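Data block for entry09.cif (mmCIF, C-alpha atoms):
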data_query
#
loop_
_atom_site.group_PDB
_atom_site.id
_atom_site.type_symbol
_atom_site.label_atom_id
_atom_site.label_comp_id
_atom_site.auth_asym_id
_atom_site.auth_seq_id
_atom_site.Cartn_x
_atom_site.Cartn_y
_atom_site.Cartn_z
ATOM 1 C CA MET A 1 -18.813 21.594 -11.913
ATOM 2 C CA CYS A 2 -19.066 21.408 -15.715
ATOM 3 C CA GLU A 3 -18.012 18.193 -17.445
ATOM 4 C CA GLN A 4 -14.969 19.810 -19.086
ATOM 5 C CA LYS A 5 -13.600 21.099 -15.768
ATOM 6 C CA GLN A 6 -14.357 17.792 -14.065
ATOM 7 C CA ASN A 7 -12.480 15.849 -16.751
ATOM 8 C CA LYS A 8 -9.508 18.202 -16.420
ATOM 9 C CA LEU A 9 -9.491 17.729 -12.628
ATOM 10 C CA ILE A 10 -9.615 13.951 -13.055
ATOM 11 C CA ASP A 11 -6.704 14.053 -15.516
ATOM 12 C CA ASP A 12 -4.654 16.402 -13.318
ATOM 13 C CA ILE A 13 -5.083 14.227 -10.215
ATOM 14 C CA GLY A 14 -4.232 11.025 -12.079
ATOM 15 C CA ASP A 15 -1.276 12.401 -14.031
ATOM 16 C CA ASN A 16 0.226 13.947 -10.903
ATOM 17 C CA HIS A 17 -0.554 10.988 -8.618
ATOM 18 C CA ILE A 18 -2.276 13.141 -6.016
ATOM 19 C CA ALA A 19 -4.136 11.741 -3.021
ATOM 20 C CA THR A 20 -7.343 13.496 -2.011
ATOM 21 C CA SER A 21 -7.895 11.897 1.415
ATOM 22 C CA TYR A 22 -6.052 10.112 4.246
ATOM 23 C CA GLU A 23 -8.556 7.264 4.269
ATOM 24 C CA ASN A 24 -9.072 5.102 1.214
ATOM 25 C CA PRO A 25 -12.295 6.348 -0.437
ATOM 26 C CA VAL A 26 -14.543 3.349 0.294
ATOM 27 C CA ARG A 27 -18.341 3.484 0.139
ATOM 28 C CA ASP A 28 -20.540 2.602 3.130
ATOM 29 C CA ASP A 29 -21.974 -0.389 1.247
ATOM 30 C CA ALA A 30 -18.557 -1.711 0.212
ATOM 31 C CA PHE A 31 -19.033 -5.037 1.998
ATOM 32 C CA ASP A 32 -22.702 -5.735 1.351
ATOM 33 C CA LEU A 33 -21.720 -8.287 -1.308
ATOM 34 C CA THR A 34 -19.944 -11.518 -0.431
ATOM 35 C CA GLU A 35 -16.511 -12.214 -1.886
ATOM 36 C CA GLU A 36 -18.080 -14.769 -4.240
ATOM 37 C CA GLU A 37 -20.642 -12.213 -5.460
ATOM 38 C CA LYS A 38 -17.916 -9.634 -6.053
ATOM 39 C CA ILE A 39 -15.831 -12.135 -8.010
ATOM 40 C CA GLU A 40 -18.787 -13.004 -10.225
ATOM 41 C CA LYS A 41 -19.577 -9.329 -10.963
ATOM 42 C CA ILE A 42 -15.950 -8.368 -11.623
ATOM 43 C CA LYS A 43 -15.516 -11.419 -13.860
ATOM 44 C CA GLY A 44 -18.298 -10.133 -16.109
ATOM 45 C CA HIS A 45 -16.799 -6.641 -16.276
ATOM 46 C CA VAL A 46 -13.317 -7.955 -17.136
ATOM 47 C CA HIS A 47 -14.813 -10.182 -19.840
ATOM 48 C CA GLU A 48 -16.568 -7.139 -21.317
ATOM 49 C CA ILE A 49 -13.379 -5.043 -21.255
ATOM 50 C CA MET A 50 -11.363 -7.720 -23.033
ATOM 51 C CA HIS A 51 -14.173 -8.353 -25.527
ATOM 52 C CA THR A 52 -14.385 -4.603 -26.238
ATOM 53 C CA LEU A 53 -10.635 -4.547 -26.889
ATOM 54 C CA GLY A 54 -11.209 -7.153 -29.576
ATOM 55 C CA MET A 55 -9.967 -10.272 -27.801
ATOM 56 C CA ASP A 56 -11.441 -13.652 -28.710
ATOM 57 C CA MET A 57 -12.801 -14.736 -25.345
ATOM 58 C CA THR A 58 -13.531 -18.248 -26.626
ATOM 59 C CA ASP A 59 -9.791 -18.903 -26.940
ATOM 60 C CA ASP A 60 -8.531 -21.500 -24.456
ATOM 61 C CA SER A 61 -5.844 -19.116 -23.187
ATOM 62 C CA LEU A 62 -8.277 -16.265 -22.505
ATOM 63 C CA MET A 63 -11.548 -17.824 -21.396
ATOM 64 C CA GLY A 64 -10.366 -18.239 -17.798
ATOM 65 C CA THR A 65 -8.730 -14.793 -17.540
ATOM 66 C CA PRO A 66 -11.788 -12.835 -16.306
ATOM 67 C CA LYS A 67 -12.289 -15.120 -13.315
ATOM 68 C CA ARG A 68 -8.577 -15.235 -12.525
ATOM 69 C CA VAL A 69 -8.412 -11.428 -12.537
ATOM 70 C CA ALA A 70 -11.561 -11.148 -10.410
ATOM 71 C CA LYS A 71 -10.233 -13.590 -7.805
ATOM 72 C CA MET A 72 -6.887 -11.775 -7.765
ATOM 73 C CA TYR A 73 -8.597 -8.430 -7.177
ATOM 74 C CA VAL A 74 -10.868 -9.631 -4.375
ATOM 75 C CA ASN A 75 -8.637 -12.134 -2.585
ATOM 76 C CA GLU A 76 -5.153 -10.774 -3.165
ATOM 77 C CA ILE A 77 -4.086 -7.379 -4.474
ATOM 78 C CA PHE A 78 -7.158 -5.520 -3.117
ATOM 79 C CA GLY A 79 -7.784 -7.796 -0.135
ATOM 80 C CA GLY A 80 -6.586 -5.046 2.209
ATOM 81 C CA LEU A 81 -9.828 -3.149 1.649
ATOM 82 C CA ASP A 82 -11.642 -5.687 3.830
ATOM 83 C CA PRO A 83 -11.334 -4.744 7.535
ATOM 84 C CA LYS A 84 -11.886 -8.400 8.469
ATOM 85 C CA LYS A 85 -8.473 -9.153 6.954
ATOM 86 C CA LYS A 86 -6.671 -6.603 9.074
ATOM 87 C CA PRO A 87 -3.805 -8.340 10.926
ATOM 88 C CA LYS A 88 -4.010 -8.310 14.705
ATOM 89 C CA ALA A 89 -0.970 -6.401 15.905
ATOM 90 C CA SER A 90 -0.496 -8.186 19.232
ATOM 91 C CA THR A 91 1.906 -6.316 21.486
ATOM 92 C CA PHE A 92 3.880 -7.418 24.530
ATOM 93 C CA GLU A 93 5.492 -5.860 27.558
ATOM 94 C CA ASN A 94 9.023 -4.677 26.881
ATOM 95 C CA ASN A 95 10.322 -6.800 29.747
ATOM 96 C CA TYR A 96 13.921 -6.692 28.554
ATOM 97 C CA LYS A 97 13.805 -2.868 28.691
ATOM 98 C CA TYR A 98 15.199 -2.328 25.193
ATOM 99 C CA GLY A 99 15.172 1.451 24.830
ATOM 100 C CA GLU A 100 16.709 2.098 21.413
ATOM 101 C CA MET A 101 14.983 2.165 18.051
ATOM 102 C CA LEU A 102 13.996 -1.033 16.307
ATOM 103 C CA VAL A 103 14.142 -0.971 12.512
ATOM 104 C CA GLU A 104 12.552 -3.499 10.171
ATOM 105 C CA LYS A 105 14.092 -2.596 6.826
ATOM 106 C CA ASN A 106 13.662 -3.754 3.240
ATOM 107 C CA ILE A 107 10.105 -5.009 3.694
ATOM 108 C CA THR A 108 8.982 -6.082 0.231
ATOM 109 C CA LEU A 109 6.091 -3.905 -0.883
ATOM 110 C CA TYR A 110 3.578 -4.598 -3.639
ATOM 111 C CA SER A 111 0.707 -2.181 -4.093
ATOM 112 C CA THR A 112 -1.449 -0.777 -6.897
ATOM 113 C CA CYS A 113 -1.723 2.815 -8.079
ATOM 114 C CA GLU A 114 -5.339 3.894 -7.644
ATOM 115 C CA HIS A 115 -5.145 6.197 -10.675
ATOM 116 C CA HIS A 116 -4.142 3.656 -13.324
ATOM 117 C CA LEU A 117 -4.410 0.285 -11.529
ATOM 118 C CA LEU A 118 -0.778 -0.467 -12.299
ATOM 119 C CA PRO A 119 1.714 -1.952 -9.804
ATOM 120 C CA ILE A 120 3.741 -0.083 -7.224
ATOM 121 C CA VAL A 121 6.797 -2.168 -6.296
ATOM 122 C CA GLY A 122 9.408 -1.299 -3.708
ATOM 123 C CA ARG A 123 10.666 -1.504 -0.144
ATOM 124 C CA ALA A 124 9.352 -0.180 3.145
ATOM 125 C CA HIS A 125 11.527 0.606 6.158
ATOM 126 C CA VAL A 126 9.610 0.784 9.433
ATOM 127 C CA ALA A 127 10.961 1.799 12.847
ATOM 128 C CA TYR A 128 9.726 2.503 16.350
ATOM 129 C CA ILE A 129 11.033 3.302 19.822
ATOM 130 C CA SER A 130 9.234 1.398 22.557
ATOM 131 C CA SER A 131 7.365 3.272 25.250
ATOM 132 C CA GLY A 132 6.714 0.043 27.138
ATOM 133 C CA ARG A 133 5.222 -2.215 24.440
ATOM 134 C CA VAL A 134 6.835 -4.172 21.609
ATOM 135 C CA VAL A 135 5.332 -5.882 18.557
ATOM 136 C CA GLY A 136 6.377 -9.061 16.752
ATOM 137 C CA LEU A 137 8.612 -8.419 13.755
ATOM 138 C CA SER A 138 6.384 -10.292 11.309
ATOM 139 C CA LYS A 139 3.421 -8.136 12.345
ATOM 140 C CA MET A 140 5.202 -5.103 10.925
ATOM 141 C CA ASN A 141 5.487 -6.866 7.569
ATOM 142 C CA ARG A 142 1.825 -7.873 7.745
ATOM 143 C CA ILE A 143 0.698 -4.314 8.467
ATOM 144 C CA VAL A 144 2.656 -3.061 5.456
ATOM 145 C CA ASN A 145 1.135 -5.775 3.279
ATOM 146 C CA TYR A 146 -2.406 -5.118 4.538
ATOM 147 C CA TYR A 147 -2.410 -1.412 3.753
ATOM 148 C CA ALA A 148 -0.515 -1.979 0.492
ATOM 149 C CA SER A 149 -3.191 -4.431 -0.701
ATOM 150 C CA ARG A 150 -5.510 -1.665 -1.866
ATOM 151 C CA PRO A 151 -5.740 0.823 -4.694
ATOM 152 C CA GLN A 152 -3.266 3.267 -3.160
ATOM 153 C CA VAL A 153 -1.308 6.472 -3.263
ATOM 154 C CA GLN A 154 2.170 6.123 -1.769
ATOM 155 C CA GLU A 155 1.899 9.132 0.551
ATOM 156 C CA ARG A 156 -1.323 7.778 2.078
ATOM 157 C CA LEU A 157 0.137 4.290 2.438
ATOM 158 C CA THR A 158 3.163 5.646 4.313
ATOM 159 C CA MET A 159 0.954 7.551 6.735
ATOM 160 C CA GLN A 160 -1.425 4.623 7.306
ATOM 161 C CA ILE A 161 1.417 2.273 8.260
ATOM 162 C CA VAL A 162 2.728 4.759 10.830
ATOM 163 C CA LYS A 163 -0.715 5.484 12.270
ATOM 164 C CA GLU A 164 -1.528 1.790 12.684
ATOM 165 C CA LEU A 165 1.697 1.096 14.590
ATOM 166 C CA GLN A 166 1.265 4.213 16.728
ATOM 167 C CA LEU A 167 -2.143 2.946 17.809
ATOM 168 C CA ALA A 168 -0.895 -0.607 18.411
ATOM 169 C CA LEU A 169 2.185 0.428 20.386
ATOM 170 C CA ASP A 170 0.609 3.420 22.142
ATOM 171 C CA THR A 171 3.446 5.702 21.125
ATOM 172 C CA GLN A 172 4.027 8.482 18.617
ATOM 173 C CA ASP A 173 7.614 7.306 18.097
ATOM 174 C CA VAL A 174 7.077 5.474 14.806
ATOM 175 C CA ALA A 175 8.538 6.121 11.360
ATOM 176 C CA CYS A 176 8.163 4.712 7.875
ATOM 177 C CA ILE A 177 10.134 5.297 4.677
ATOM 178 C CA ILE A 178 9.005 3.820 1.352
ATOM 179 C CA ASP A 179 11.098 3.703 -1.830
ATOM 180 C CA ALA A 180 9.059 2.358 -4.728
ATOM 181 C CA LYS A 181 8.728 2.261 -8.489
ATOM 182 C CA HIS A 182 5.369 3.163 -10.013
ATOM 183 C CA LEU A 183 4.676 1.340 -13.251
ATOM 184 C CA CYS A 184 2.225 4.100 -14.200
ATOM 185 C CA VAL A 185 5.380 6.244 -14.503
ATOM 186 C CA ASN A 186 7.829 3.548 -15.597
ATOM 187 C CA SER A 187 5.784 1.682 -18.236
ATOM 188 C CA ARG A 188 3.404 4.347 -19.608
ATOM 189 C CA GLY A 189 3.124 8.110 -19.804
ATOM 190 C CA ILE A 190 6.658 9.471 -19.425
ATOM 191 C CA ASN A 191 8.118 5.910 -19.613
ATOM 192 C CA ASP A 192 10.891 6.711 -17.133
ATOM 193 C CA ILE A 193 12.151 3.264 -16.106
ATOM 194 C CA GLU A 194 14.859 4.585 -13.763
ATOM 195 C CA SER A 195 12.915 6.835 -11.390
ATOM 196 C CA SER A 196 11.525 5.795 -8.026
ATOM 197 C CA THR A 197 9.441 7.630 -5.455
ATOM 198 C CA VAL A 198 10.495 8.071 -1.816
ATOM 199 C CA THR A 199 7.998 9.030 0.888
ATOM 200 C CA SER A 200 8.410 9.273 4.643
ATOM 201 C CA GLU A 201 6.380 9.816 7.772
ATOM 202 C CA PHE A 202 8.163 10.610 11.042
ATOM 203 C CA GLY A 203 6.303 10.648 14.342
ATOM 204 C CA GLY A 204 7.355 11.672 17.838
ATOM 205 C CA LYS A 205 11.088 11.386 18.499
ATOM 206 C CA PHE A 206 11.767 10.664 14.817
ATOM 207 C CA LYS A 207 11.058 14.342 14.077
ATOM 208 C CA ASP A 208 14.334 15.103 15.861
ATOM 209 C CA GLU A 209 17.098 15.539 13.279
ATOM 210 C CA ASN A 210 19.614 13.329 15.104
ATOM 211 C CA VAL A 211 17.142 10.473 15.620
ATOM 212 C CA ARG A 212 16.070 10.711 12.001
ATOM 213 C CA LYS A 213 19.714 10.640 10.891
ATOM 214 C CA GLU A 214 20.308 7.506 12.989
ATOM 215 C CA LEU A 215 17.343 5.814 11.285
ATOM 216 C CA LEU A 216 18.643 6.721 7.831
ATOM 217 C CA ASN A 217 22.070 5.317 8.746
ATOM 218 C CA TYR A 218 20.447 1.990 9.653
ATOM 219 C CA VAL A 219 18.406 1.971 6.455
ATOM 220 C CA ASN A 220 21.549 2.591 4.387
ATOM 221 C CA MET A 221 23.604 -0.106 6.129
ATOM 222 C CA ASP A 222 24.752 -2.963 3.926
ATOM 223 C CA THR A 223 22.948 -5.915 5.534
ATOM 224 C CA LYS A 224 23.063 -8.402 2.660
ATOM 225 C CA PHE A 225 23.716 -11.971 3.765
#
File written out as structure tokens:
Amino acid sequence: MCEQKQNKLIDDIGDNHIATSYENPVRDDAFDLTEEEKIEKIKGHVHEIMHTLGMDMTDDSLMGTPKRVAKMYVNEIFGGLDPKKKPKASTFENNYKYGEMLVEKNITLYSTCEHHLLPIVGRAHVAYISSGRVVGLSKMNRIVNYYASRPQVQERLTMQIVKELQLALDTQDVACIIDAKHLCVNSRGINDIESSTVTSEFGGKFKDENVRKELLNYVNMDTKF
């Protein structure tokens, strides 16, 4: 592919926020370096970026920024890339025989757009119908946070959350809806501060129109306390 066509493809994917794969594109050697080694390398790159922009990196306010950013990338906002940090979704027998859907709504979601490295901020609504196993409520929040803590595309994130819970609960009856603002849309480019993006993934029984409608009714309920 010639450089001109490649650059156009790169721009088209980024401007249209398109995902190219279900899995996050991570190299095989992604975890050869320790966290400390990654922080040290990223710190140098951030310093160079800020220096290139013309910032005085000897200023007291700025000299610590490269390390702070590097630690934030490795330990926090991109920590979900590390499989060792994956939360254990312990499940339990559904001894009380609850057979209706369970909905964990308004899960706070912070992620990062992989095209511009700007925040994605919103809410996730996750539901499942037990086929014999149940999962702790907080584990649903942790799964959302784990997959959100990566450079992401919202469609992929939605699918990953559903897939993880389907595997943990041994059922296809899992759904996820995400409503989020993308700062790459809100604060740059088109600068549309009002728009948000809604994605959904419905598995198993949630593909049925009536079940899906029941889920949406729960999501839209006024549950403020």
Original post:
So which one's closest to Met72 in chain A, A:Leu102, A:Val174, A:Ile39, A:Cys113? Using only C-alpha atoms, please.
Top reply: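 Smallest separation from Met72 in chain A among the options: A:Ile39.
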**OP:** Have a look at CA of Ala180 in chain A and CA of Asn210 in chain A and let me know their distance in Å, one decimal.
**Re:** 25.0 Å
Subject >> Residues within 10 Å of (0.6, 6.3, 15.7), counting all atoms listed in the file, listed as a list in words >> reply: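 Residues found, by chain and rising number: Tyr128, Met159, Gln160, Ile161, Val162, Lys163, Glu164, Leu165, Gln166, Leu167, Ala168, Leu169, Asp170, Thr171, Gln172, Asp173, Val174, Ala175, Phe202, Gly203 and Gly204 of chain A.
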**OP:** Pick out the closest residue to Glu104 in chain A from this set: A:Asn141, A:Ser131, A:Ser90, A:Asn186. Count all atoms listed in the file.
**Re:** A:Asn141
**OP:** Enumerate, as a PyMOL selection string, the protein, DNA and RNA residues whose atoms approach (-0.7, 3.0, -14.9) to within 12 Å, taking into account all atoms listed in the file and the coordinate frame of the file.
**Re:** chain A and resi 14-17+112-120+151+181-191
Original post:
Hey, what comes out of the PyMOL selection byres ((chain A and resi 103) around 9) on this file? Could you write it as an MDAnalysis selection string?
Top reply: chainID A and resid 101:102 104:105 125:128 215 218:219
**OP:** Find the residues near range 60-66 of chain A: any atom within 10 Å, counting only C-alpha atoms, skip ones fewer than 4 places away on the same chain, and give them as a list in words.
**Re:**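 Residues meeting the cut-off are Ile39, Glu40, Ile42, Lys43, Gly44, His45, Val46, His47, Glu48, Ile49, Met50, Met55, Asp56, Ala70, Lys71 and Met72 of chain A.
Rounded to one decimal, CA of Tyr73 in chain A and CA of Cys176 in chain A lie 26.1 Å from each other.
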Subject >> Which of A:Leu137, A:Leu53, A:Ala148, A:Val121 sits closest to Thr91 in chain A [using only C-alpha atoms] >> reply: A:Leu137
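The coordinates place CA of Ile129 in chain A at 22.1 Å from CA of Arg156 in chain A.
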Original post:
Near range 81-85 of chain A, counting only C-alpha atoms, which residues have an atom at most 10 Å away, once you skip same-chain residues fewer than 3 positions from it, shown as a VMD selection string?
Top reply: chain A and resid 24 26 30 to 31 35 74 to 75 77 to 78 88 146 to 151
**OP:** Would you please work out which residue, of A:Thr158, A:Ser195, A:Ser111, A:Thr52, is nearest to Glu76 in chain A when using all atoms listed in the file?
**Re:** A:Ser111
Original post:
A:Thr197, A:Thr223, A:Ser138, A:Gln154: which is nearest Tyr22 in chain A, counting only C-alpha atoms?
Top reply: A:Gln154
**OP:** Check the smallest atom-to-atom distance from each of A:Leu109, A:Asp192, A:Asn95, A:Met221 to Ile178 in chain A using all atoms listed in the file, then report the winner.
**Re:**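 Among the listed residues, A:Leu109 lies closest to Ile178 in chain A.
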Fill-in result for range 125-158 of chain A, N, CA and C atoms as a PDB file, keeping the file's coordinate frame:
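The result, stored in result_16.pdb:
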ATOM      1  N   HIS A 125      10.674   0.661   4.973  1.00  0.00           N
ATOM      2  CA  HIS A 125      11.527   0.606   6.158  1.00  0.00           C
ATOM      3  C   HIS A 125      10.716   1.194   7.308  1.00  0.00           C
ATOM      4  N   VAL A 126      10.488   0.388   8.333  1.00  0.00           N
ATOM      5  CA  VAL A 126       9.610   0.784   9.433  1.00  0.00           C
ATOM      6  C   VAL A 126      10.396   0.734  10.740  1.00  0.00           C
ATOM      7  N   ALA A 127      10.215   1.738  11.582  1.00  0.00           N
ATOM      8  CA  ALA A 127      10.961   1.799  12.847  1.00  0.00           C
ATOM      9  C   ALA A 127      10.063   2.325  13.959  1.00  0.00           C
ATOM     10  N   TYR A 128      10.408   1.931  15.191  1.00  0.00           N
ATOM     11  CA  TYR A 128       9.726   2.503  16.350  1.00  0.00           C
ATOM     12  C   TYR A 128      10.651   2.470  17.553  1.00  0.00           C
ATOM     13  N   ILE A 129      10.340   3.294  18.535  1.00  0.00           N
ATOM     14  CA  ILE A 129      11.033   3.302  19.822  1.00  0.00           C
ATOM     15  C   ILE A 129       9.988   2.953  20.871  1.00  0.00           C
ATOM     16  N   SER A 130      10.234   1.896  21.612  1.00  0.00           N
ATOM     17  CA  SER A 130       9.234   1.398  22.557  1.00  0.00           C
ATOM     18  C   SER A 130       8.999   2.364  23.705  1.00  0.00           C
ATOM     19  N   SER A 131       7.722   2.507  24.059  1.00  0.00           N
ATOM     20  CA  SER A 131       7.365   3.272  25.250  1.00  0.00           C
ATOM     21  C   SER A 131       6.854   2.331  26.336  1.00  0.00           C
ATOM     22  N   GLY A 132       7.159   1.041  26.169  1.00  0.00           N
ATOM     23  CA  GLY A 132       6.714   0.043  27.138  1.00  0.00           C
ATOM     24  C   GLY A 132       6.114  -1.191  26.492  1.00  0.00           C
ATOM     25  N   ARG A 133       5.783  -1.089  25.176  1.00  0.00           N
ATOM     26  CA  ARG A 133       5.222  -2.215  24.440  1.00  0.00           C
ATOM     27  C   ARG A 133       6.098  -2.500  23.220  1.00  0.00           C
ATOM     28  N   VAL A 134       6.128  -3.764  22.826  1.00  0.00           N
ATOM     29  CA  VAL A 134       6.835  -4.172  21.609  1.00  0.00           C
ATOM     30  C   VAL A 134       5.877  -5.011  20.764  1.00  0.00           C
ATOM     31  N   VAL A 135       6.173  -5.114  19.471  1.00  0.00           N
ATOM     32  CA  VAL A 135       5.332  -5.882  18.557  1.00  0.00           C
ATOM     33  C   VAL A 135       6.200  -6.895  17.824  1.00  0.00           C
ATOM     34  N   GLY A 136       5.628  -8.048  17.491  1.00  0.00           N
ATOM     35  CA  GLY A 136       6.377  -9.061  16.752  1.00  0.00           C
ATOM     36  C   GLY A 136       6.836  -8.540  15.407  1.00  0.00           C
ATOM     37  N   LEU A 137       8.042  -8.933  15.003  1.00  0.00           N
ATOM     38  CA  LEU A 137       8.612  -8.419  13.755  1.00  0.00           C
ATOM     39  C   LEU A 137       7.718  -8.713  12.559  1.00  0.00           C
ATOM     40  N   SER A 138       7.188  -9.925  12.472  1.00  0.00           N
ATOM     41  CA  SER A 138       6.384 -10.292  11.309  1.00  0.00           C
ATOM     42  C   SER A 138       5.110  -9.461  11.215  1.00  0.00           C
ATOM     43  N   LYS A 139       4.634  -8.957  12.359  1.00  0.00           N
ATOM     44  CA  LYS A 139       3.421  -8.136  12.345  1.00  0.00           C
ATOM     45  C   LYS A 139       3.668  -6.824  11.603  1.00  0.00           C
ATOM     46  N   MET A 140       4.886  -6.323  11.655  1.00  0.00           N
ATOM     47  CA  MET A 140       5.202  -5.103  10.925  1.00  0.00           C
ATOM     48  C   MET A 140       5.102  -5.352   9.421  1.00  0.00           C
ATOM     49  N   ASN A 141       5.613  -6.492   8.984  1.00  0.00           N
ATOM     50  CA  ASN A 141       5.487  -6.866   7.569  1.00  0.00           C
ATOM     51  C   ASN A 141       4.027  -7.013   7.176  1.00  0.00           C
ATOM     52  N   ARG A 142       3.238  -7.633   8.059  1.00  0.00           N
ATOM     53  CA  ARG A 142       1.825  -7.873   7.745  1.00  0.00           C
ATOM     54  C   ARG A 142       1.034  -6.568   7.669  1.00  0.00           C
ATOM     55  N   ILE A 143       1.372  -5.615   8.516  1.00  0.00           N
ATOM     56  CA  ILE A 143       0.698  -4.314   8.467  1.00  0.00           C
ATOM     57  C   ILE A 143       1.019  -3.605   7.155  1.00  0.00           C
ATOM     58  N   VAL A 144       2.278  -3.649   6.740  1.00  0.00           N
ATOM     59  CA  VAL A 144       2.656  -3.061   5.456  1.00  0.00           C
ATOM     60  C   VAL A 144       1.874  -3.724   4.331  1.00  0.00           C
ATOM     61  N   ASN A 145       1.824  -5.048   4.345  1.00  0.00           N
ATOM     62  CA  ASN A 145       1.135  -5.775   3.279  1.00  0.00           C
ATOM     63  C   ASN A 145      -0.363  -5.472   3.261  1.00  0.00           C
ATOM     64  N   TYR A 146      -0.963  -5.359   4.452  1.00  0.00           N
ATOM     65  CA  TYR A 146      -2.406  -5.118   4.538  1.00  0.00           C
ATOM     66  C   TYR A 146      -2.778  -3.777   3.909  1.00  0.00           C
ATOM     67  N   TYR A 147      -2.073  -2.725   4.291  1.00  0.00           N
ATOM     68  CA  TYR A 147      -2.410  -1.412   3.753  1.00  0.00           C
ATOM     69  C   TYR A 147      -1.955  -1.242   2.303  1.00  0.00           C
ATOM     70  N   ALA A 148      -0.949  -2.027   1.891  1.00  0.00           N
ATOM     71  CA  ALA A 148      -0.515  -1.979   0.492  1.00  0.00           C
ATOM     72  C   ALA A 148      -1.506  -2.685  -0.427  1.00  0.00           C
ATOM     73  N   SER A 149      -2.276  -3.629   0.121  1.00  0.00           N
ATOM     74  CA  SER A 149      -3.191  -4.431  -0.701  1.00  0.00           C
ATOM     75  C   SER A 149      -4.503  -3.692  -0.937  1.00  0.00           C
ATOM     76  N   ARG A 150      -4.376  -2.526  -1.550  1.00  0.00           N
ATOM     77  CA  ARG A 150      -5.510  -1.665  -1.866  1.00  0.00           C
ATOM     78  C   ARG A 150      -5.129  -0.821  -3.077  1.00  0.00           C
ATOM     79  N   PRO A 151      -6.098  -0.260  -3.777  1.00  0.00           N
ATOM     80  CA  PRO A 151      -5.740   0.823  -4.694  1.00  0.00           C
ATOM     81  C   PRO A 151      -5.176   1.959  -3.834  1.00  0.00           C
ATOM     82  N   GLN A 152      -3.949   2.389  -4.109  1.00  0.00           N
ATOM     83  CA  GLN A 152      -3.266   3.267  -3.160  1.00  0.00           C
ATOM     84  C   GLN A 152      -2.585   4.450  -3.822  1.00  0.00           C
ATOM     85  N   VAL A 153      -2.239   5.395  -2.969  1.00  0.00           N
ATOM     86  CA  VAL A 153      -1.308   6.472  -3.263  1.00  0.00           C
ATOM     87  C   VAL A 153      -0.198   6.348  -2.230  1.00  0.00           C
ATOM     88  N   GLN A 154       1.051   6.466  -2.651  1.00  0.00           N
ATOM     89  CA  GLN A 154       2.170   6.123  -1.769  1.00  0.00           C
ATOM     90  C   GLN A 154       2.212   6.989  -0.511  1.00  0.00           C
ATOM     91  N   GLU A 155       1.880   8.260  -0.629  1.00  0.00           N
ATOM     92  CA  GLU A 155       1.899   9.132   0.551  1.00  0.00           C
ATOM     93  C   GLU A 155       0.909   8.633   1.605  1.00  0.00           C
ATOM     94  N   ARG A 156      -0.300   8.275   1.156  1.00  0.00           N
ATOM     95  CA  ARG A 156      -1.323   7.778   2.078  1.00  0.00           C
ATOM     96  C   ARG A 156      -0.875   6.469   2.721  1.00  0.00           C
ATOM     97  N   LEU A 157      -0.328   5.583   1.927  1.00  0.00           N
ATOM     98  CA  LEU A 157       0.137   4.290   2.438  1.00  0.00           C
ATOM     99  C   LEU A 157       1.167   4.480   3.539  1.00  0.00           C
ATOM    100  N   THR A 158       2.111   5.377   3.323  1.00  0.00           N
ATOM    101  CA  THR A 158       3.163   5.646   4.313  1.00  0.00           C
ATOM    102  C   THR A 158       2.562   6.104   5.632  1.00  0.00           C
TER     103      THR A 158
END
